[in-house]
Amino acid sequence: MSATITDPEVYDDKSPICIPFILERLRTHLSSGSTRPFIIGLNGVQGVGKTTLVRRLADTLRHDEGLESLVCSIDDFYLAHDDQVALAASMPDNMLVQVRGEPGTHDMDLAKDFFAAILNNSATRVPQYDKSLFSGQGDRPPRSSWPEVNAPGQPKVQVVIFEGWCVGFRPLSPVEVAAKYAAPSRTLKRHDIEHLQFVNTKLGAYDAITDLFDAFIHIDAEDTEWVYDWRLEQEVMLRAQRGAGMSDEQVVRFVDAYYPAYELFTDKLRGGLFADKVQCQLRLVVSKDRRVQKTVVL
């Protein structure tokens with residue numbers, strides 16, 4: 001696999017679709033008399049350009065609509081370093097939890113506490129995670145360094161965009177996991193099915209956050225395996241800019257650590273996140289050049 005230096009995120013054909021979708025659902029939310037913030041979940045495979053999209057969405061909501069908007073990432077809810085080390089040591093043969101990434105390596109109690117404060121319009125701090133600490137293993141910086149929101153004198157948060165590569169994934173039944181395992185796949189059979197079931201079980205705790213979403217945006221790909229090429233393009237750019245970065249082989253191993261969750265949970269997400277909210281999920285399907293080819297509202 002090889003890549004050339006490109007900047008795939010200059011062309012934006014996503015926010016012009018996403019903003020009207022968000023505003024229509026936000027108007028319904030406000031007309032109901034609700035005083036709690038409007039919560040948007042956003043899922044996109046690594047390298048598809050979701051970070052840039054989220055930034056543009058938040059800027060538009062702030063500057064054009066006058067809405068105090070907060071962006072937070074599921075990456076900032078990873079387990080503290082000591083807790084991740086303990087998890088890995090407790091299951092040394094489960095490669096899915098030896099490093100941060102898969103469901104089960106996030107602190108969902110921290111996430112629940114944070115969102116409870118946000119929904120109550122209470123002052124709180126936004127969790128942060130520094131991936132460079134412990135030689136790249138990562139850890140949380142001190143809580144005192146986390147940014148404050150809803151503090152006295154600050155405007156109240158009105159919109160939250162919660163983004164991440166596995167945001168919105170729902171657990172499967174054990175039978176569904178077994179069926180995925182038995183079918184052709186790129187990475188699933190590299191792992192024991194019990195280890196995949198462990199990740200699936202842990203994903204159940206994420207429903208407490210997913211169920212808070214008022215709207216959901218899914219940046220999907222015609223071929224999920226393009227994540228390998230997209231992530232490699234990002235790394236090539238980093239190597240050009242900083243003079244250092246992962247090799248092509250390291251990129252493949254890096255994405256391999258995440259790919260089992262894509263193979264397990266993406267199909268269910270494509271089928272619809274909400275059981276009780278109609279037309280609150282927007283699915284944008286992109287081609288290899290990351291341009292939108294199909295728009296679906298579920």
# chains A, B, ... in the order shown; residues from 1 in each chain; ligands from 1

call {"tool": "residues_around", "arguments": {"residues": "Tyr11 of chain A", "least_positions_apart": "4", "cutoff": "12 Å", "atoms": "only C-alpha atoms", "output": "mmCIF file with C-alpha atoms, in the first residue's frame"}}
result
data_model
loop_
_atom_site.group_PDB
_atom_site.id
_atom_site.type_symbol
_atom_site.label_atom_id
_atom_site.label_comp_id
_atom_site.auth_asym_id
_atom_site.auth_seq_id
_atom_site.Cartn_x
_atom_site.Cartn_y
_atom_site.Cartn_z
ATOM 1 C CA THR A 6 -2.922 15.124 -0.534
ATOM 2 C CA ASP A 7 -5.268 17.327 1.414
ATOM 3 C CA SER A 15 -21.773 20.543 6.118
ATOM 4 C CA PRO A 16 -24.237 22.049 3.563
ATOM 5 C CA GLY A 49 -12.726 13.974 7.521
ATOM 6 C CA THR A 52 -12.924 18.966 9.992
ATOM 7 C CA LEU A 53 -16.668 18.478 9.478
ATOM 8 C CA ARG A 56 -17.319 23.490 10.542
ATOM 9 C CA ASP A 289 -12.411 10.656 -2.718
ATOM 10 C CA ARG A 290 -14.622 11.303 0.349
ATOM 11 C CA ARG A 291 -17.293 13.068 -1.682
ATOM 12 C CA VAL A 292 -20.933 12.371 -0.879
#

call {"tool": "closest_atom_pairs", "arguments": {"of": "segment 242-270 of chain A", "to": "segment 88-106 of chain A", "cutoff": "9 Å", "atoms": "only C-alpha atoms", "output": "tab-separated table"}}
result
residue	atom	partner	partner_atom	distance
A:Ala257	CA	A:Leu96	CA	6.6
A:Tyr258	CA	A:Glu102	CA	6.2
A:Pro260	CA	A:Glu102	CA	8.6
A:Ala261	CA	A:Glu102	CA	7.0

call {"tool": "closest_residue", "arguments": {"among": "A:Arg55, A:Arg283, A:Arg231, A:Arg27", "to": "Val160 of chain A", "atoms": "only C-alpha atoms"}}
result
A:Arg55

call {"tool": "atom_distance", "arguments": {"atom1": "atom CA of Phe21 of chain A", "atom2": "atom CA of Ala221 of chain A"}}
result
19.5 Å

call {"tool": "closest_residue", "arguments": {"among": "A:Gly271, A:Pro174, A:Pro20, A:Gly66", "to": "Val157 of chain A", "atoms": "only C-alpha atoms"}}
result
A:Gly66

call {"tool": "closest_atom_pairs", "arguments": {"of": "segment 170-287 of chain A", "to": "segment 71-77 of chain A", "cutoff": "12 Å", "atoms": "only C-alpha atoms", "output": "tab-separated table"}}
result
residue	atom	partner	partner_atom	distance
A:Tyr206	CA	A:Ile74	CA	10.5
A:Ile209	CA	A:Ile74	CA	10.6
A:Thr210	CA	A:Ile74	CA	11.5

call {"tool": "atom_distance", "arguments": {"atom1": "atom CA of Asn200 of chain A", "atom2": "atom CA of Leu110 of chain A"}}
result
19.7 Å

call {"tool": "select_by_dssp", "arguments": {"residues": "segment 99-239 of chain A", "states": "alpha helix (DSSP H)", "output": "ChimeraX atom specification"}}
result
/A:108-119,174-182,193-203,207-210,226-239

call {"tool": "atom_distance", "arguments": {"atom1": "atom CA of Val297 of chain A", "atom2": "atom CA of Asp267 of chain A"}}
result
15.6 Å

call {"tool": "closest_residue", "arguments": {"among": "A:Leu87, A:Ala205, A:Ala58, A:Leu42", "to": "Arg170 of chain A", "atoms": "only C-alpha atoms"}}
result
A:Ala205

call {"tool": "decode", "arguments": {"residues": "segment 12-23 of chain A", "atoms": "all heavy atoms", "output": "CSV table (one decimal), in the first residue's frame"}}
result
chain,number,residue,atom,x,y,z
A,12,ASP,N,-15.6,20.7,0.9
A,12,ASP,CA,-16.7,20.4,1.9
A,12,ASP,C,-18.0,20.3,1.2
A,12,ASP,O,-18.6,21.3,0.9
A,12,ASP,CB,-16.7,21.5,3.0
A,12,ASP,CG,-17.8,21.2,4.0
A,12,ASP,OD1,-18.2,20.0,4.2
A,12,ASP,OD2,-18.3,22.2,4.6
A,13,ASP,N,-18.5,19.1,1.0
A,13,ASP,CA,-19.8,18.9,0.5
A,13,ASP,C,-20.7,18.3,1.6
A,13,ASP,O,-21.9,17.9,1.3
A,13,ASP,CB,-19.8,18.0,-0.7
A,13,ASP,CG,-19.3,16.6,-0.5
A,13,ASP,OD1,-18.7,16.4,0.6
A,13,ASP,OD2,-19.5,15.7,-1.4
A,14,LYS,N,-20.3,18.2,2.8
A,14,LYS,CA,-21.0,17.6,3.9
A,14,LYS,C,-21.8,18.5,4.8
A,14,LYS,O,-22.9,18.3,5.1
A,14,LYS,CB,-20.1,16.7,4.7
A,14,LYS,CG,-19.4,15.6,3.9
A,14,LYS,CD,-18.4,14.8,4.8
A,14,LYS,CE,-17.6,13.8,3.9
A,14,LYS,NZ,-16.7,14.5,2.9
A,15,SER,N,-21.1,19.6,5.2
A,15,SER,CA,-21.8,20.5,6.1
A,15,SER,C,-23.0,21.2,5.5
A,15,SER,O,-24.0,21.4,6.2
A,15,SER,CB,-20.8,21.6,6.7
A,15,SER,OG,-20.3,22.4,5.6
A,16,PRO,N,-23.0,21.5,4.1
A,16,PRO,CA,-24.2,22.0,3.6
A,16,PRO,C,-25.4,21.1,3.6
A,16,PRO,O,-26.6,21.5,3.5
A,16,PRO,CB,-23.8,22.3,2.1
A,16,PRO,CG,-22.4,22.5,2.1
A,16,PRO,CD,-21.9,21.5,3.2
A,17,ILE,N,-25.1,19.8,3.8
A,17,ILE,CA,-26.2,18.8,3.9
A,17,ILE,C,-26.6,18.7,5.4
A,17,ILE,O,-27.8,18.6,5.8
A,17,ILE,CB,-25.8,17.4,3.4
A,17,ILE,CG1,-25.4,17.6,1.9
A,17,ILE,CG2,-26.9,16.4,3.6
A,17,ILE,CD1,-24.8,16.3,1.3
A,18,CYS,N,-25.6,18.7,6.3
A,18,CYS,CA,-25.8,18.4,7.7
A,18,CYS,C,-26.5,19.6,8.4
A,18,CYS,O,-27.3,19.4,9.3
A,18,CYS,CB,-24.4,18.1,8.4
A,18,CYS,SG,-23.6,16.6,7.8
A,19,ILE,N,-26.1,20.8,8.1
A,19,ILE,CA,-26.6,22.0,8.8
A,19,ILE,C,-28.2,22.1,8.7
A,19,ILE,O,-28.9,22.2,9.7
A,19,ILE,CB,-26.0,23.3,8.3
A,19,ILE,CG1,-24.5,23.3,8.8
A,19,ILE,CG2,-26.8,24.5,8.8
A,19,ILE,CD1,-24.4,23.4,10.3
A,20,PRO,N,-28.8,22.0,7.5
A,20,PRO,CA,-30.2,22.0,7.4
A,20,PRO,C,-30.9,20.9,8.2
A,20,PRO,O,-31.9,21.0,8.8
A,20,PRO,CB,-30.5,21.9,5.9
A,20,PRO,CG,-29.3,22.4,5.3
A,20,PRO,CD,-28.2,22.0,6.1
A,21,PHE,N,-30.3,19.7,8.1
A,21,PHE,CA,-30.8,18.5,8.9
A,21,PHE,C,-30.8,18.8,10.4
A,21,PHE,O,-31.7,18.6,11.1
A,21,PHE,CB,-29.9,17.3,8.6
A,21,PHE,CG,-30.1,16.1,9.4
A,21,PHE,CD1,-31.2,15.3,9.2
A,21,PHE,CD2,-29.3,15.9,10.5
A,21,PHE,CE1,-31.4,14.2,10.0
A,21,PHE,CE2,-29.6,14.8,11.4
A,21,PHE,CZ,-30.6,13.9,11.1
A,22,ILE,N,-29.7,19.4,10.9
A,22,ILE,CA,-29.6,19.7,12.3
A,22,ILE,C,-30.6,20.8,12.7
A,22,ILE,O,-31.3,20.6,13.7
A,22,ILE,CB,-28.1,20.2,12.6
A,22,ILE,CG1,-27.1,19.0,12.5
A,22,ILE,CG2,-28.1,20.8,14.1
A,22,ILE,CD1,-25.7,19.4,12.6
A,23,LEU,N,-30.7,21.8,11.9
A,23,LEU,CA,-31.5,23.0,12.3
A,23,LEU,C,-33.0,22.6,12.3
A,23,LEU,O,-33.8,23.0,13.2
A,23,LEU,CB,-31.3,24.1,11.3
A,23,LEU,CG,-29.9,24.8,11.4
A,23,LEU,CD1,-29.8,25.9,10.4
A,23,LEU,CD2,-29.7,25.3,12.8
